[in-house]
Amino acid sequence: MYAIVEMQGQQFKAEAGRRLFIHRVAETEVGATLEFDKVLLIDNDGDITVGTPIVEGAKVVVEVLDNSVRGDKVLVFHKKRRKGYKKLNGHRQDFTLVVVKEIVNA
């Protein structure tokens with residue numbers, strides 16, 4: 001059984017026991033459980049339920065494993081040719097590591 005769920009503005013394929021890196025959820029502690037109810041699709045062994053736009057009554061329960069994970073550095077380079085203009089910026093996104101505990105279907 002798996003579900004397509006929207007967490008923190010991104011869509012993820014959630015299966016029980018799967019670890020996910022989602023955008024940082026502020027003010028959460030390690031061991032806390034979170035519920036996301038924006039479930040877009042549920043596949044229960046071939047029985048597919050597609051939401052319009054979300055599946056009513058369905059939710060995904062996750063547990064926070066780590067709240068201070070940093071992603072890889074992304075370099076952003078701007079240049080205008082023949083003008084002597086160059087600018088280099090770097091960015092590291094903060095993530096929250098969660099594990100999917102269960103998928104609740106309505």
# chains A, B, ... in the order shown; residues from 1 in each chain; ligands from 1
$ closest_atom_pairs --of "stretch 7-47 of chain A" --to "stretch 60-67 of chain A" --cutoff "10 Å" --atoms "only C-alpha atoms" --output "tab-separated table"
residue	atom	partner	partner_atom	distance
A:Met7	CA	A:Val60	CA	9.8
A:Ala14	CA	A:Val60	CA	7.9
A:Glu15	CA	A:Val60	CA	9.2
A:Ala16	CA	A:Val62	CA	9.1
A:Gly17	CA	A:Val62	CA	9.3
A:Arg18	CA	A:Val62	CA	9.6
A:Arg19	CA	A:Leu65	CA	9.0
A:Leu20	CA	A:Val62	CA	9.4
A:Phe21	CA	A:Asp66	CA	9.6
A:Ile22	CA	A:Asn67	CA	9.9
A:His23	CA	A:Asn67	CA	9.8
A:Arg24	CA	A:Asn67	CA	6.9
A:Val25	CA	A:Asn67	CA	7.6
A:Ala26	CA	A:Asn67	CA	8.4
A:Glu27	CA	A:Asn67	CA	9.0
A:Thr28	CA	A:Asn67	CA	7.2
A:Glu29	CA	A:Asn67	CA	7.0
A:Val30	CA	A:Val64	CA	5.3
A:Gly31	CA	A:Val64	CA	5.2
A:Ala32	CA	A:Val64	CA	5.5
A:Thr33	CA	A:Glu63	CA	4.4
A:Leu34	CA	A:Val62	CA	5.3
A:Glu35	CA	A:Val61	CA	4.6
A:Phe36	CA	A:Val60	CA	5.3
A:Asp37	CA	A:Val60	CA	6.4
A:Lys38	CA	A:Val60	CA	8.5
A:Val39	CA	A:Val60	CA	7.5
$ select_by_dssp --residues "stretch 4-101 of chain A" --states "strand (DSSP E)" --output "JSON, numbers by chain"
{"A": [4, 5, 6, 7, 10, 11, 12, 13, 14, 15, 19, 20, 21, 22, 23, 33, 34, 35, 36, 39, 40, 41, 42, 43, 44, 47, 48, 49, 50, 59, 60, 61, 62, 63, 64, 65, 66, 67, 68, 69, 70, 74, 75, 76, 77, 78, 79, 80, 85, 86, 87, 88, 89, 90, 91, 94, 95, 96, 97, 98, 99, 100, 101]}
$ write_last_selection --atoms "C-alpha atoms" --output "CSV table (one decimal), in the first residue's frame"
chain,number,residue,atom,x,y,z
A,4,ILE,CA,0.9,10.1,-3.0
A,5,VAL,CA,0.8,12.9,-0.4
A,6,GLU,CA,1.6,16.6,-0.4
A,7,MET,CA,4.0,17.6,2.5
A,10,GLN,CA,6.0,18.9,-2.3
A,11,GLN,CA,4.5,15.6,-3.4
A,12,PHE,CA,6.0,12.4,-2.1
A,13,LYS,CA,5.3,8.6,-2.5
A,14,ALA,CA,4.7,7.4,1.0
A,15,GLU,CA,4.9,3.8,2.0
A,19,ARG,CA,12.2,7.6,5.2
A,20,LEU,CA,11.6,11.0,3.6
A,21,PHE,CA,13.4,14.3,3.6
A,22,ILE,CA,10.8,17.0,3.7
A,23,HIS,CA,11.3,20.8,4.0
A,33,THR,CA,4.2,12.5,15.2
A,34,LEU,CA,2.8,14.6,12.4
A,35,GLU,CA,-0.3,14.0,10.3
A,36,PHE,CA,-0.7,15.1,6.7
A,39,VAL,CA,-3.5,12.7,0.2
A,40,LEU,CA,-3.8,12.8,-3.6
A,41,LEU,CA,-3.8,9.1,-4.4
A,42,ILE,CA,-4.0,5.8,-2.6
A,43,ASP,CA,-3.0,2.4,-4.1
A,44,ASN,CA,-4.2,-0.5,-1.9
A,47,ASP,CA,-7.3,-0.8,-5.8
A,48,ILE,CA,-6.5,2.8,-6.8
A,49,THR,CA,-8.4,5.8,-5.3
A,50,VAL,CA,-7.7,9.2,-6.9
A,59,LYS,CA,-4.1,10.8,6.1
A,60,VAL,CA,-0.5,9.8,6.4
A,61,VAL,CA,1.1,9.6,9.9
A,62,VAL,CA,4.8,10.2,10.1
A,63,GLU,CA,7.3,10.3,13.0
A,64,VAL,CA,10.2,12.9,13.1
A,65,LEU,CA,13.6,11.2,13.3
A,66,ASP,CA,15.8,14.3,12.9
A,67,ASN,CA,14.9,18.0,12.6
A,68,SER,CA,18.3,19.5,11.7
A,69,VAL,CA,19.4,17.9,8.4
A,70,ARG,CA,21.2,20.1,5.9
A,74,VAL,CA,23.5,24.4,-4.5
A,75,LEU,CA,25.6,26.9,-6.3
A,76,VAL,CA,23.9,29.7,-8.3
A,77,PHE,CA,26.2,31.5,-10.7
A,78,HIS,CA,25.3,34.6,-12.7
A,79,LYS,CA,27.4,36.1,-15.4
A,80,LYS,CA,26.9,38.7,-18.1
A,85,TYR,CA,29.9,40.9,-14.1
A,86,LYS,CA,30.1,37.6,-12.1
A,87,LYS,CA,28.2,36.6,-9.0
A,88,LEU,CA,28.3,33.3,-7.1
A,89,ASN,CA,25.8,32.4,-4.4
A,90,GLY,CA,25.4,29.2,-2.5
A,91,HIS,CA,22.4,27.8,-0.7
A,94,ASP,CA,17.2,22.7,5.9
A,95,PHE,CA,15.3,19.4,5.9
A,96,THR,CA,13.4,17.3,8.4
A,97,LEU,CA,13.9,13.5,8.3
A,98,VAL,CA,10.7,11.6,8.9
A,99,VAL,CA,9.6,8.0,8.7
A,100,VAL,CA,6.1,7.0,7.5
A,101,LYS,CA,4.3,5.1,10.3
$ atom_distance --atom1 "atom CA of A:Gln8" --atom2 "atom CA of A:Asn105"
20.5 Å
$ closest_residue --among "A:Gln93, A:Gly71, A:Lys83, A:Ala106" --to "A:Ile54" --atoms "only C-alpha atoms"
A:Ala106
